[in-house]
$ cat work33.txt   # compact mmCIF, C-alpha atoms (C1' of nucleotides)
# COMPACT_ATOMS: atom_id res chain seq x y z
CA MET U 294 -21.71 -4.62 -0.87
CA ALA U 295 -25.35 -4.36 -1.57
CA ALA U 296 -26.36 -7.95 -2.17
CA ASN U 297 -26.68 -10.47 0.59
CA SER U 298 -23.59 -12.40 1.51
CA ARG U 299 -25.27 -13.98 4.53
CA LEU U 300 -25.78 -17.32 2.82
CA THR U 301 -22.13 -17.26 1.73
CA VAL U 302 -20.88 -16.61 5.25
CA ALA U 303 -23.10 -19.33 6.75
CA VAL U 304 -22.11 -21.94 4.17
CA HIS U 305 -18.44 -21.07 4.58
CA ALA U 306 -18.69 -21.45 8.36
CA LEU U 307 -20.47 -24.80 8.11
CA THR U 308 -18.00 -26.09 5.54
CA TRP U 309 -15.10 -25.10 7.73
CA LEU U 310 -16.72 -26.88 10.69
CA ALA U 311 -17.16 -29.97 8.52
CA LEU U 312 -13.49 -29.97 7.52
CA ALA U 313 -12.36 -29.46 11.12
CA HIS U 314 -14.53 -32.37 12.21
CA ARG U 315 -12.94 -34.59 9.56
CA ARG U 316 -9.56 -33.57 10.93
CA GLY U 317 -10.54 -34.52 14.48
CA ARG U 318 -11.32 -31.03 15.80
CA ASP U 319 -14.98 -30.95 16.61
CA VAL U 320 -15.20 -27.55 18.29
CA LEU U 321 -14.20 -24.22 16.73
CA THR U 322 -14.49 -20.76 18.24
CA SER U 323 -16.06 -17.90 16.35
CA ASP U 324 -12.62 -16.29 16.13
CA GLU U 325 -11.25 -19.32 14.30
CA VAL U 326 -14.16 -19.36 11.88
CA ALA U 327 -13.87 -15.61 11.37
CA ALA U 328 -10.20 -15.99 10.47
CA SER U 329 -11.07 -18.27 7.56
CA VAL U 330 -14.07 -16.35 6.27
CA ASN U 331 -12.16 -13.09 6.86
CA VAL U 332 -14.98 -11.19 8.53
CA ASN U 333 -15.55 -9.81 12.00
CA PRO U 334 -16.15 -12.46 14.70
CA VAL U 335 -19.44 -10.80 15.61
CA ILE U 336 -20.72 -11.41 12.08
CA VAL U 337 -19.86 -15.08 12.50
CA ARG U 338 -21.60 -15.27 15.85
CA ARG U 339 -24.69 -13.63 14.40
CA SER U 340 -24.70 -16.09 11.52
CA LEU U 341 -24.02 -19.15 13.70
CA GLY U 342 -26.72 -17.92 16.06
CA ASP U 343 -29.23 -18.18 13.22
CA LEU U 344 -27.95 -21.66 12.43
CA ARG U 345 -28.26 -22.68 16.09
CA ARG U 346 -31.89 -21.55 16.17
CA ALA U 347 -32.42 -23.78 13.12
CA ALA U 348 -30.70 -26.68 14.94
CA LEU U 349 -27.93 -26.96 12.35
CA VAL U 350 -25.12 -26.34 14.86
CA SER U 351 -24.67 -26.73 18.62
CA VAL U 352 -22.82 -24.41 20.94
CA ARG U 353 -20.64 -25.19 23.97
CA HIS U 354 -20.01 -22.71 26.77
CA GLY U 355 -17.36 -22.43 29.46
CA THR U 356 -13.76 -23.52 29.05
CA GLY U 357 -13.17 -25.11 25.64
CA ALA U 358 -16.25 -23.39 24.26
CA GLY U 359 -17.14 -23.14 20.59
CA TRP U 360 -19.36 -24.43 17.83
CA LEU U 361 -19.91 -27.87 16.34
CA LEU U 362 -22.13 -29.36 13.64
CA ALA U 363 -25.41 -30.79 14.90
CA ARG U 364 -25.81 -33.06 11.83
CA PRO U 365 -23.49 -34.88 9.42
CA PRO U 366 -22.54 -32.44 6.62
CA GLY U 367 -24.13 -34.73 4.02
CA GLU U 368 -27.50 -34.16 5.69
CA ILE U 369 -27.38 -30.35 5.56
CA PRO U 370 -28.85 -29.15 2.25
CA LEU U 371 -28.19 -25.53 1.36
CA SER U 372 -31.94 -24.93 1.34
CA ASP U 373 -31.95 -25.48 5.11
CA VAL U 374 -29.12 -22.97 5.46
CA TYR U 375 -31.06 -20.52 3.30
CA ASP U 376 -34.16 -20.89 5.48
CA ALA U 377 -32.06 -20.33 8.58
CA VAL U 378 -30.23 -17.15 7.60
CA GLU U 379 -32.16 -15.43 4.83
CA GLY U 380 -34.83 -12.95 5.74
CA PRO U 381 -37.10 -11.24 3.21
CA PRO U 382 -38.07 -12.91 -0.06
CA VAL U 383 -36.37 -12.13 -3.35
CA PHE U 384 -39.19 -10.09 -4.89
CA ALA U 385 -41.61 -7.72 -3.22
CA LEU U 386 -45.12 -6.77 -4.24
CA HIS U 387 -46.22 -3.14 -4.35
CA HIS U 388 -45.28 -1.17 -1.24
CA THR U 389 -48.22 1.15 -1.79
CA GLU U 390 -51.55 -0.39 -2.67
CA PRO U 391 -52.24 -0.17 -6.42
CA ASN U 392 -55.24 1.74 -7.69
CA LEU U 393 -58.21 -0.51 -7.03
CA GLU U 394 -60.40 1.31 -9.55
CA CYS U 395 -58.20 -0.13 -12.29
CA PRO U 396 -58.91 -3.77 -13.26
CA VAL U 397 -55.21 -4.51 -13.30
CA GLY U 398 -54.70 -2.84 -9.94
CA ARG U 399 -57.42 -5.00 -8.43
CA GLY U 400 -56.25 -8.39 -9.66
CA ILE U 401 -52.51 -8.18 -10.15
CA ARG U 402 -51.46 -8.75 -6.57
CA PRO U 403 -52.75 -12.33 -6.21
CA ALA U 404 -51.52 -13.07 -9.73
CA LEU U 405 -47.98 -11.91 -8.97
CA SER U 406 -48.06 -13.49 -5.56
CA GLY U 407 -48.56 -16.88 -7.17
CA VAL U 408 -45.66 -16.30 -9.55
CA TYR U 409 -43.35 -15.22 -6.74
CA THR U 410 -44.28 -18.25 -4.64
CA GLY U 411 -43.32 -20.47 -7.55
CA VAL U 412 -40.00 -18.67 -7.93
CA HIS U 413 -39.24 -19.08 -4.25
CA GLN U 414 -39.98 -22.80 -4.41
CA ALA U 415 -37.79 -23.22 -7.48
CA LEU U 416 -34.97 -21.40 -5.69
CA ARG U 417 -35.20 -23.65 -2.64
CA ARG U 418 -35.46 -26.75 -4.84
CA GLU U 419 -32.25 -25.78 -6.61
CA LEU U 420 -30.42 -25.10 -3.34
CA ALA U 421 -31.60 -28.43 -1.96
CA ARG U 422 -29.59 -30.25 -4.64
CA THR U 423 -26.33 -29.32 -2.87
CA SER U 424 -25.23 -30.22 0.68
CA ILE U 425 -22.45 -28.91 2.88
CA ALA U 426 -20.57 -32.14 2.17
CA ASP U 427 -20.83 -31.37 -1.57
CA VAL U 428 -19.47 -27.85 -1.05
CA LEU U 429 -16.57 -29.23 1.02
CA HIS U 430 -15.77 -31.83 -1.63
CA ARG U 431 -15.81 -29.30 -4.49
CA SER U 432 -13.78 -26.78 -2.47
CA LEU U 433 -11.02 -29.29 -1.78
CA GLU U 434 -10.71 -30.47 -5.36
CA ALA U 435 -10.17 -26.95 -6.69
CA MET V 56 -39.37 -1.35 1.67
CA ALA V 57 -36.26 -3.40 1.63
CA ALA V 58 -36.91 -5.91 -1.11
CA ASN V 59 -37.07 -5.00 -4.76
CA SER V 60 -40.45 -4.06 -6.17
CA ARG V 61 -38.92 -3.16 -9.54
CA LEU V 62 -40.13 -6.35 -11.21
CA THR V 63 -43.60 -5.74 -9.78
CA VAL V 64 -43.76 -2.19 -11.13
CA ALA V 65 -42.53 -3.23 -14.57
CA VAL V 66 -44.96 -6.14 -14.86
CA HIS V 67 -47.83 -3.96 -13.69
CA ALA V 68 -46.99 -1.32 -16.29
CA LEU V 69 -46.75 -3.88 -19.10
CA THR V 70 -50.00 -5.55 -18.04
CA TRP V 71 -51.78 -2.23 -18.01
CA LEU V 72 -50.43 -1.45 -21.48
CA ALA V 73 -51.68 -4.83 -22.66
CA LEU V 74 -55.18 -4.20 -21.32
CA ALA V 75 -55.26 -0.70 -22.84
CA HIS V 76 -54.25 -2.15 -26.19
CA ARG V 77 -57.08 -4.67 -26.01
CA ARG V 78 -59.45 -1.79 -25.36
CA GLY V 79 -58.21 0.10 -28.42
CA ARG V 80 -55.91 2.57 -26.65
CA ASP V 81 -52.40 1.81 -27.83
CA VAL V 82 -50.56 4.70 -26.24
CA LEU V 83 -50.47 5.52 -22.51
CA THR V 84 -48.55 8.31 -20.81
CA SER V 85 -46.38 7.63 -17.80
CA ASP V 86 -48.86 9.63 -15.70
CA GLU V 87 -51.66 7.25 -16.68
CA VAL V 88 -49.55 4.21 -15.86
CA ALA V 89 -48.45 5.77 -12.58
CA ALA V 90 -52.08 6.35 -11.60
CA SER V 91 -52.76 2.61 -11.79
CA VAL V 92 -49.57 1.40 -10.15
CA ASN V 93 -49.88 4.19 -7.58
CA VAL V 94 -46.26 5.34 -7.68
CA ASN V 95 -44.51 8.50 -8.80
CA PRO V 96 -44.49 9.02 -12.60
CA VAL V 97 -40.70 9.28 -12.54
CA ILE V 98 -40.51 5.74 -11.16
CA VAL V 99 -42.62 4.57 -14.07
CA ARG V 100 -40.47 6.41 -16.58
CA ARG V 101 -37.32 4.87 -15.09
CA SER V 102 -38.88 1.43 -15.28
CA LEU V 103 -40.25 1.86 -18.80
CA GLY V 104 -36.86 3.27 -19.80
CA ASP V 105 -35.28 -0.05 -18.82
CA LEU V 106 -37.95 -1.88 -20.79
CA ARG V 107 -37.33 0.34 -23.81
CA ARG V 108 -33.62 -0.47 -23.74
CA ALA V 109 -34.63 -4.14 -23.75
CA ALA V 110 -36.95 -3.48 -26.72
CA LEU V 111 -40.06 -4.57 -24.83
CA VAL V 112 -41.84 -1.21 -25.28
CA SER V 113 -41.63 1.69 -27.73
CA VAL V 114 -41.97 5.36 -26.95
CA ARG V 115 -43.63 8.16 -28.92
CA HIS V 116 -42.66 11.81 -28.53
CA GLY V 117 -44.42 15.06 -29.35
CA THR V 118 -48.17 15.55 -29.28
CA GLY V 119 -50.01 12.34 -28.32
CA ALA V 120 -46.83 10.99 -26.80
CA GLY V 121 -46.62 7.91 -24.59
CA TRP V 122 -45.68 4.26 -24.42
CA LEU V 123 -46.83 1.18 -26.30
CA LEU V 124 -45.96 -2.50 -26.27
CA ALA V 125 -43.33 -3.50 -28.80
CA ARG V 126 -44.45 -7.16 -28.80
CA PRO V 127 -47.73 -9.04 -28.30
CA PRO V 128 -48.18 -9.62 -24.54
CA GLY V 129 -48.16 -13.39 -25.07
CA GLU V 130 -44.59 -13.13 -26.33
CA ILE V 131 -43.22 -11.30 -23.27
CA PRO V 132 -42.10 -13.85 -20.66
CA LEU V 133 -41.46 -12.48 -17.18
CA SER V 134 -37.87 -13.67 -17.48
CA ASP V 135 -37.31 -11.02 -20.16
CA VAL V 136 -38.80 -8.39 -17.86
CA TYR V 137 -36.52 -9.60 -15.06
CA ASP V 138 -33.46 -9.31 -17.28
CA ALA V 139 -34.50 -5.79 -18.29
CA VAL V 140 -35.08 -4.27 -14.86
CA GLU V 141 -33.23 -6.33 -12.26
CA GLY V 142 -29.68 -5.41 -11.40
CA PRO V 143 -27.49 -7.40 -9.01
CA PRO V 144 -27.90 -11.16 -8.53
CA VAL V 145 -29.82 -12.65 -5.61
CA PHE V 146 -26.78 -13.92 -3.68
CA ALA V 147 -23.36 -12.39 -3.31
CA LEU V 148 -20.02 -14.05 -2.71
CA HIS V 149 -17.61 -12.79 -0.05
CA HIS V 150 -17.03 -9.05 -0.23
CA THR V 151 -13.63 -9.46 1.37
CA GLU V 152 -11.41 -12.20 0.03
CA PRO V 153 -11.49 -15.29 2.28
CA ASN V 154 -8.30 -16.51 3.95
CA LEU V 155 -6.39 -18.28 1.19
CA GLU V 156 -4.24 -20.20 3.68
CA CYS V 157 -7.33 -22.15 4.64
CA PRO V 158 -8.31 -24.99 2.26
CA VAL V 159 -11.94 -23.93 2.44
CA GLY V 160 -11.05 -20.30 1.83
CA ARG V 161 -9.14 -21.28 -1.30
CA GLY V 162 -11.78 -23.45 -2.96
CA ILE V 163 -15.15 -22.27 -1.77
CA ARG V 164 -15.59 -19.37 -4.12
CA PRO V 165 -15.76 -21.36 -7.38
CA ALA V 166 -17.87 -23.99 -5.59
CA LEU V 167 -20.42 -21.43 -4.42
CA SER V 168 -20.28 -19.59 -7.71
CA GLY V 169 -21.48 -22.73 -9.47
CA VAL V 170 -24.34 -23.15 -7.02
CA TYR V 171 -25.43 -19.53 -7.39
CA THR V 172 -25.36 -19.77 -11.18
CA GLY V 173 -27.68 -22.76 -10.98
CA VAL V 174 -30.03 -20.87 -8.69
CA HIS V 175 -30.12 -17.92 -11.07
CA GLN V 176 -30.94 -20.17 -14.01
CA ALA V 177 -33.69 -21.92 -12.03
CA LEU V 178 -35.16 -18.56 -11.14
CA ARG V 179 -35.23 -17.39 -14.76
CA ARG V 180 -36.65 -20.73 -15.91
CA GLU V 181 -39.52 -20.38 -13.44
CA LEU V 182 -40.23 -16.78 -14.50
CA ALA V 183 -40.20 -17.83 -18.17
CA ARG V 184 -43.25 -20.02 -17.55
CA THR V 185 -45.46 -16.92 -17.23
CA SER V 186 -46.09 -14.18 -19.81
CA ILE V 187 -47.64 -10.72 -19.55
CA ALA V 188 -50.74 -12.16 -21.23
CA ASP V 189 -50.95 -14.77 -18.46
CA VAL V 190 -50.70 -12.10 -15.77
CA LEU V 191 -53.42 -10.04 -17.47
CA HIS V 192 -55.70 -13.06 -17.74
CA ARG V 193 -55.23 -14.04 -14.09
CA SER V 194 -55.67 -10.44 -12.93
CA LEU V 195 -59.00 -10.07 -14.72
CA GLU V 196 -60.47 -13.31 -13.43
CA ALA V 197 -59.82 -12.37 -9.81
C1' DT J 212 -41.20 28.27 -36.97
C1' DC J 213 -43.47 28.36 -32.55
C1' DT J 214 -46.22 26.03 -29.01
C1' DC J 215 -47.05 22.68 -25.76
C1' DG J 216 -47.35 18.26 -23.62
C1' DT J 217 -44.57 14.49 -22.65
C1' DT J 218 -40.25 12.07 -22.32
C1' DG J 219 -35.57 11.41 -20.33
C1' DT J 220 -32.32 12.40 -16.59
C1' DA J 221 -29.88 14.52 -13.11
C1' DA J 222 -29.67 15.89 -8.23
C1' DC J 223 -31.02 15.42 -3.73
C1' DC J 224 -33.62 13.60 0.48
C1' DG J 225 -35.08 10.12 3.83
C1' DA J 226 -35.69 5.38 5.10
C1' DA J 227 -33.93 0.82 5.47
C1' DG J 228 -30.53 -3.00 5.39
C1' DC J 229 -25.98 -4.93 5.90
C1' DT J 230 -21.35 -4.96 7.51
C1' DG J 231 -18.12 -3.56 10.91
C1' DT J 232 -16.89 -2.26 15.52
C1' DT J 233 -17.04 -1.56 20.47
C1' DA J 234 -18.83 -2.77 24.76
C1' DC J 235 -20.58 -5.62 28.14
C1' DA J 236 -23.55 -9.14 30.52
C1' DG J 237 -24.09 -14.39 30.83
C1' DC J 238 -22.44 -18.83 31.00
C1' DG J 239 -19.79 -22.90 32.58
C1' DA J 240 -15.61 -25.97 32.88
C1' DG J 241 -11.83 -26.19 35.79
C1' DC L 212 -13.65 -17.70 41.79
C1' DT L 213 -11.40 -17.20 37.38
C1' DC L 214 -11.17 -16.89 32.65
C1' DG L 215 -12.39 -17.47 27.96
C1' DC L 216 -15.95 -17.50 24.89
C1' DT L 217 -20.76 -16.74 23.77
C1' DG L 218 -24.77 -13.64 22.99
C1' DT L 219 -26.50 -9.27 22.07
C1' DA L 220 -27.16 -4.37 22.21
C1' DA L 221 -25.79 0.07 20.33
C1' DC L 222 -23.76 2.85 17.01
C1' DA L 223 -21.32 4.36 12.62
C1' DG L 224 -20.59 4.08 7.59
C1' DC L 225 -21.91 2.64 3.27
C1' DT L 226 -25.15 1.43 -0.28
C1' DT L 227 -29.66 0.88 -2.37
C1' DC L 228 -34.27 2.15 -3.20
C1' DG L 229 -38.29 4.91 -3.64
C1' DG L 230 -39.89 9.73 -3.73
C1' DT L 231 -39.57 14.34 -5.28
C1' DT L 232 -38.26 18.47 -7.80
C1' DA L 233 -36.31 20.53 -11.66
C1' DC L 234 -35.12 21.04 -16.28
C1' DA L 235 -33.39 20.03 -21.05
C1' DA L 236 -34.85 17.38 -25.34
C1' DC L 237 -38.13 16.03 -28.48
C1' DG L 238 -41.70 16.20 -32.07
C1' DA L 239 -46.63 16.49 -33.82
C1' DG L 240 -49.58 20.04 -35.02
C1' DA L 241 -50.87 24.81 -35.83
$ encode --input "work33.txt" --output "structure tokens"
Amino acid sequence: MAANSRLTVAVHALTWLALAHRRGRDVLTSDEVAASVNVNPVIVRRSLGDLRRAALVSVRHGTGAGWLLARPPGEIPLSDVYDAVEGPPVFALHHTEPNLECPVGRGIRPALSGVYTGVHQALRRELARTSIADVLHRSLEA
Amino acid sequence: MAANSRLTVAVHALTWLALAHRRGRDVLTSDEVAASVNVNPVIVRRSLGDLRRAALVSVRHGTGAGWLLARPPGEIPLSDVYDAVEGPPVFALHHTEPNLECPVGRGIRPALSGVYTGVHQALRRELARTSIADVLHRSLEA
DNA sequence: TCTCGTTGTAACCGAAGCTGTTACAGCGAG
DNA sequence: CTCGCTGTAACAGCTTCGGTTACAACGAGA
């Protein structure tokens, strides 16, 4: 379980909220979401907490508490979900400074930095092509 | 040091080999490469070992041993380097099977799998736009 | 055939991240 | 005031990664 499943958990939770909304149940508790994703409720709360900070979901306290979508599912691109839950970038530069007496060591960091920025943008652009509504639609037709 | 710097190390090593070749020194030892990247020589050997398996570099044993590029640097796109050294994909699906009694749990895995495949292809397409020769050129002009 | 420098790996350590779990304070509708 | 759920801290277990040491394998040259 090395690779990140955070985006998967967040998308699953949002998709489940979208389906519940379509069925007339706006509010779901983290236990209900956790039962579908099949992870611990605390994981769901951590994930939905990130999404709340990004204003993708709202939370209700007190009796009848739970989570609900803050936007229509068609207006939630996966790139927004990625920005909300994903931390460090895909590739890292050197963790120890390269040898600056070597011409390559001096100039390679800005060169690679530009490449990695382009990769990150391409990744977000690809994720932006799909919305939560798309994921829900494709999940139901399977 | 969470994120992967494996691609960075491999590209740095190949770029350094390319510059050495241009200066008339075809063969470099892993100690020489490690001195520029500023990492342990074993890390370099592990990385160059991956690149050798992908036929991007050749190795010479015995006296005057070391590594040399197996292709002109202009014909080594970073996507090939990525394929050679990078292991698991960027995103992971659920590590525990989602609840199959939920409609979302049943259909979301193929839906997300398609999205992640598209992201992976976009990432490789972006990396393919840059070659080792490009990285060397941009490093020297900095 | 012997020497010697380098490659190629295996084994282990420490640090860091992610999931999973328990525990508990905070909140608010009723 | 009660009660259910949120929000978060703290800790354990697992995995990955870089770092390091150690050693067998290899081959050009003497």
$ closest_residue --input "work33.txt" --among "J:DG231, J:DT218, J:DG225, J:DC213" --to "L:DA223" --atoms "only C-alpha atoms (C1' of nucleotides)"
J:DG231
$ interface_residues --input "work33.txt" --of "chain J" --to "chain U" --cutoff "7 Å" --atoms "only C-alpha atoms (C1' of nucleotides)" --output "JSON, numbers by chain"
{"J": [231, 238, 239, 240]}
$ residues_around --input "work33.txt" --residues "stretch 133-135 of chain V" --least-positions-apart "2" --cutoff "7 Å" --atoms "all atoms listed in the file" --output "list in words"
Ile131, Tyr137, Asp138, Ala139, Arg179, Leu182, Ala183, Thr185, Ser186 and Ile187 of chain V
$ residues_around --input "work33.txt" --residues "stretch 401-416 of chain U" --least-positions-apart "6" --cutoff "6 Å" --atoms "only C-alpha atoms (C1' of nucleotides)" --output "PDB file with C-alpha atoms, in the coordinates of the input"
ATOM      1  CA  VAL V 174     -30.030 -20.870  -8.690  1.00  0.00           C
ATOM      2  CA  LEU V 178     -35.160 -18.560 -11.140  1.00  0.00           C
ATOM      3  CA  GLU V 181     -39.520 -20.380 -13.440  1.00  0.00           C
ATOM      4  CA  ARG V 193     -55.230 -14.040 -14.090  1.00  0.00           C
ATOM      5  CA  SER V 194     -55.670 -10.440 -12.930  1.00  0.00           C
TER       6      SER V 194
END
$ calpha_fit_and_write --input "work33.txt" --fixed "chain U" --moving "chain V" --output "compact mmCIF listing (two decimals) with C-alpha atoms, in the coordinates of the input"
# COMPACT_ATOMS: atom_id res chain seq x y z
CA MET V 56 -21.91 -4.57 -0.87
CA ALA V 57 -25.51 -4.41 -1.81
CA ALA V 58 -26.46 -8.03 -2.25
CA ASN V 59 -26.70 -10.47 0.61
CA SER V 60 -23.58 -12.42 1.51
CA ARG V 61 -25.29 -13.98 4.53
CA LEU V 62 -25.79 -17.34 2.81
CA THR V 63 -22.14 -17.28 1.73
CA VAL V 64 -20.89 -16.62 5.26
CA ALA V 65 -23.10 -19.33 6.76
CA VAL V 66 -22.11 -21.95 4.19
CA HIS V 67 -18.44 -21.08 4.60
CA ALA V 68 -18.70 -21.45 8.38
CA LEU V 69 -20.48 -24.81 8.12
CA THR V 70 -17.99 -26.09 5.54
CA TRP V 71 -15.10 -25.11 7.74
CA LEU V 72 -16.71 -26.88 10.69
CA ALA V 73 -17.14 -29.96 8.53
CA LEU V 74 -13.48 -29.98 7.51
CA ALA V 75 -12.35 -29.45 11.12
CA HIS V 76 -14.51 -32.37 12.20
CA ARG V 77 -12.91 -34.59 9.57
CA ARG V 78 -9.53 -33.58 10.94
CA GLY V 79 -10.52 -34.53 14.49
CA ARG V 80 -11.27 -31.03 15.80
CA ASP V 81 -14.96 -30.95 16.63
CA VAL V 82 -15.16 -27.56 18.28
CA LEU V 83 -14.17 -24.23 16.71
CA THR V 84 -14.46 -20.78 18.24
CA SER V 85 -16.07 -17.93 16.34
CA ASP V 86 -12.63 -16.28 16.14
CA GLU V 87 -11.24 -19.32 14.32
CA VAL V 88 -14.16 -19.37 11.89
CA ALA V 89 -13.87 -15.62 11.36
CA ALA V 90 -10.18 -15.99 10.49
CA SER V 91 -11.07 -18.26 7.57
CA VAL V 92 -14.07 -16.35 6.29
CA ASN V 93 -12.19 -13.09 6.85
CA VAL V 94 -15.01 -11.18 8.53
CA ASN V 95 -15.58 -9.80 12.01
CA PRO V 96 -16.17 -12.48 14.69
CA VAL V 97 -19.46 -10.82 15.61
CA ILE V 98 -20.73 -11.44 12.08
CA VAL V 99 -19.88 -15.10 12.49
CA ARG V 100 -21.60 -15.29 15.85
CA ARG V 101 -24.73 -13.67 14.40
CA SER V 102 -24.71 -16.13 11.53
CA LEU V 103 -24.02 -19.18 13.70
CA GLY V 104 -26.72 -17.93 16.07
CA ASP V 105 -29.24 -18.21 13.23
CA LEU V 106 -27.95 -21.69 12.45
CA ARG V 107 -28.25 -22.68 16.11
CA ARG V 108 -31.89 -21.58 16.18
CA ALA V 109 -32.41 -23.81 13.14
CA ALA V 110 -30.67 -26.69 14.96
CA LEU V 111 -27.92 -26.98 12.36
CA VAL V 112 -25.10 -26.35 14.88
CA SER V 113 -24.66 -26.73 18.64
CA VAL V 114 -22.77 -24.43 20.95
CA ARG V 115 -20.59 -25.21 23.96
CA HIS V 116 -19.96 -22.72 26.76
CA GLY V 117 -17.28 -22.42 29.41
CA THR V 118 -13.70 -23.59 29.00
CA GLY V 119 -13.11 -25.16 25.56
CA ALA V 120 -16.18 -23.41 24.25
CA GLY V 121 -17.12 -23.15 20.58
CA TRP V 122 -19.35 -24.47 17.83
CA LEU V 123 -19.90 -27.90 16.34
CA LEU V 124 -22.11 -29.37 13.64
CA ALA V 125 -25.37 -30.80 14.91
CA ARG V 126 -25.79 -33.06 11.85
CA PRO V 127 -23.47 -34.88 9.43
CA PRO V 128 -22.53 -32.43 6.64
CA GLY V 129 -24.13 -34.71 4.04
CA GLU V 130 -27.49 -34.16 5.71
CA ILE V 131 -27.39 -30.35 5.57
CA PRO V 132 -28.85 -29.16 2.26
CA LEU V 133 -28.19 -25.53 1.37
CA SER V 134 -31.94 -24.95 1.34
CA ASP V 135 -31.96 -25.49 5.12
CA VAL V 136 -29.13 -22.98 5.48
CA TYR V 137 -31.08 -20.53 3.32
CA ASP V 138 -34.16 -20.91 5.49
CA ALA V 139 -32.06 -20.35 8.62
CA VAL V 140 -30.25 -17.16 7.63
CA GLU V 141 -32.19 -15.45 4.84
CA GLY V 142 -34.85 -12.94 5.75
CA PRO V 143 -37.11 -11.22 3.22
CA PRO V 144 -38.10 -12.88 -0.06
CA VAL V 145 -36.37 -12.10 -3.35
CA PHE V 146 -39.20 -10.05 -4.88
CA ALA V 147 -41.60 -7.67 -3.23
CA LEU V 148 -45.13 -6.73 -4.21
CA HIS V 149 -46.26 -3.10 -4.34
CA HIS V 150 -45.36 -1.15 -1.21
CA THR V 151 -48.25 1.21 -1.81
CA GLU V 152 -51.59 -0.32 -2.68
CA PRO V 153 -52.26 -0.14 -6.44
CA ASN V 154 -55.26 1.79 -7.75
CA LEU V 155 -58.23 -0.48 -7.09
CA GLU V 156 -60.40 1.33 -9.63
CA CYS V 157 -58.19 -0.10 -12.34
CA PRO V 158 -58.90 -3.74 -13.31
CA VAL V 159 -55.19 -4.49 -13.33
CA GLY V 160 -54.70 -2.81 -9.97
CA ARG V 161 -57.43 -4.98 -8.47
CA GLY V 162 -56.24 -8.37 -9.69
CA ILE V 163 -52.51 -8.18 -10.17
CA ARG V 164 -51.46 -8.73 -6.60
CA PRO V 165 -52.75 -12.31 -6.22
CA ALA V 166 -51.51 -13.06 -9.76
CA LEU V 167 -47.99 -11.88 -8.99
CA SER V 168 -48.07 -13.46 -5.56
CA GLY V 169 -48.57 -16.85 -7.18
CA VAL V 170 -45.66 -16.28 -9.55
CA TYR V 171 -43.35 -15.19 -6.74
CA THR V 172 -44.28 -18.22 -4.64
CA GLY V 173 -43.32 -20.45 -7.55
CA VAL V 174 -40.00 -18.66 -7.93
CA HIS V 175 -39.26 -19.07 -4.23
CA GLN V 176 -39.99 -22.79 -4.38
CA ALA V 177 -37.80 -23.20 -7.48
CA LEU V 178 -34.99 -21.41 -5.70
CA ARG V 179 -35.21 -23.66 -2.64
CA ARG V 180 -35.47 -26.77 -4.82
CA GLU V 181 -32.25 -25.80 -6.61
CA LEU V 182 -30.43 -25.11 -3.32
CA ALA V 183 -31.61 -28.46 -1.94
CA ARG V 184 -29.59 -30.26 -4.62
CA THR V 185 -26.34 -29.34 -2.85
CA SER V 186 -25.23 -30.22 0.69
CA ILE V 187 -22.43 -28.90 2.91
CA ALA V 188 -20.55 -32.13 2.18
CA ASP V 189 -20.82 -31.36 -1.55
CA VAL V 190 -19.45 -27.86 -1.04
CA LEU V 191 -16.55 -29.21 1.03
CA HIS V 192 -15.74 -31.81 -1.61
CA ARG V 193 -15.80 -29.29 -4.46
CA SER V 194 -13.77 -26.77 -2.45
CA LEU V 195 -10.99 -29.27 -1.76
CA GLU V 196 -10.67 -30.46 -5.34
CA ALA V 197 -10.16 -26.93 -6.65
$ closest_residue --input "work33.txt" --among "U:Leu300, U:Val337, U:Val397, U:Ala311" --to "chain L" --atoms "all atoms listed in the file"
U:Val337
$ closest_residue --input "work33.txt" --among "V:Val92, V:Arg101, V:Pro128, V:Leu111" --to "chain U" --atoms "only C-alpha atoms"
V:Val92
$ atom_distance --input "work33.txt" --atom1 "atom CA of U:Glu368" --atom2 "atom CA of V:Gly160"
21.9 Å
$ residues_around --input "work33.txt" --residues "L:DA233" --least-positions-apart "5" --cutoff "12 Å" --atoms "only C-alpha atoms (C1' of nucleotides)" --output "PyMOL selection string"
chain J and resi 220-223
$ atom_distance --input "work33.txt" --atom1 "atom CA of V:Leu124" --atom2 "atom CA of V:Pro144"
26.8 Å
$ atom_distance --input "work33.txt" --atom1 "atom CA of V:Ala188" --atom2 "atom CA of V:Gly129"
4.8 Å
$ closest_residue --input "work33.txt" --among "L:DA221, L:DC212, L:DT227, L:DA235" --to "chain U" --atoms "all atoms listed in the file"
L:DT227
$ closest_residue --input "work33.txt" --among "U:Val320, U:Ala347, U:Gly359, U:Ser340" --to "chain L" --atoms "all atoms listed in the file"
U:Gly359
$ closest_residue --input "work33.txt" --among "U:Pro370, U:Thr389, U:Ala363, U:Ser329" --to "chain L" --atoms "all atoms listed in the file"
U:Thr389
$ closest_atom_pairs --input "work33.txt" --of "chain L" --to "chain V" --cutoff "7 Å" --atoms "all atoms listed in the file" --output "CSV"
residue,atom,partner,partner_atom,distance
L:DG230,C1',V:Asn95,CA,7.0
L:DC237,C1',V:His116,CA,6.2
L:DG238,C1',V:Gly117,CA,4.0
L:DA239,C1',V:Thr118,CA,4.9
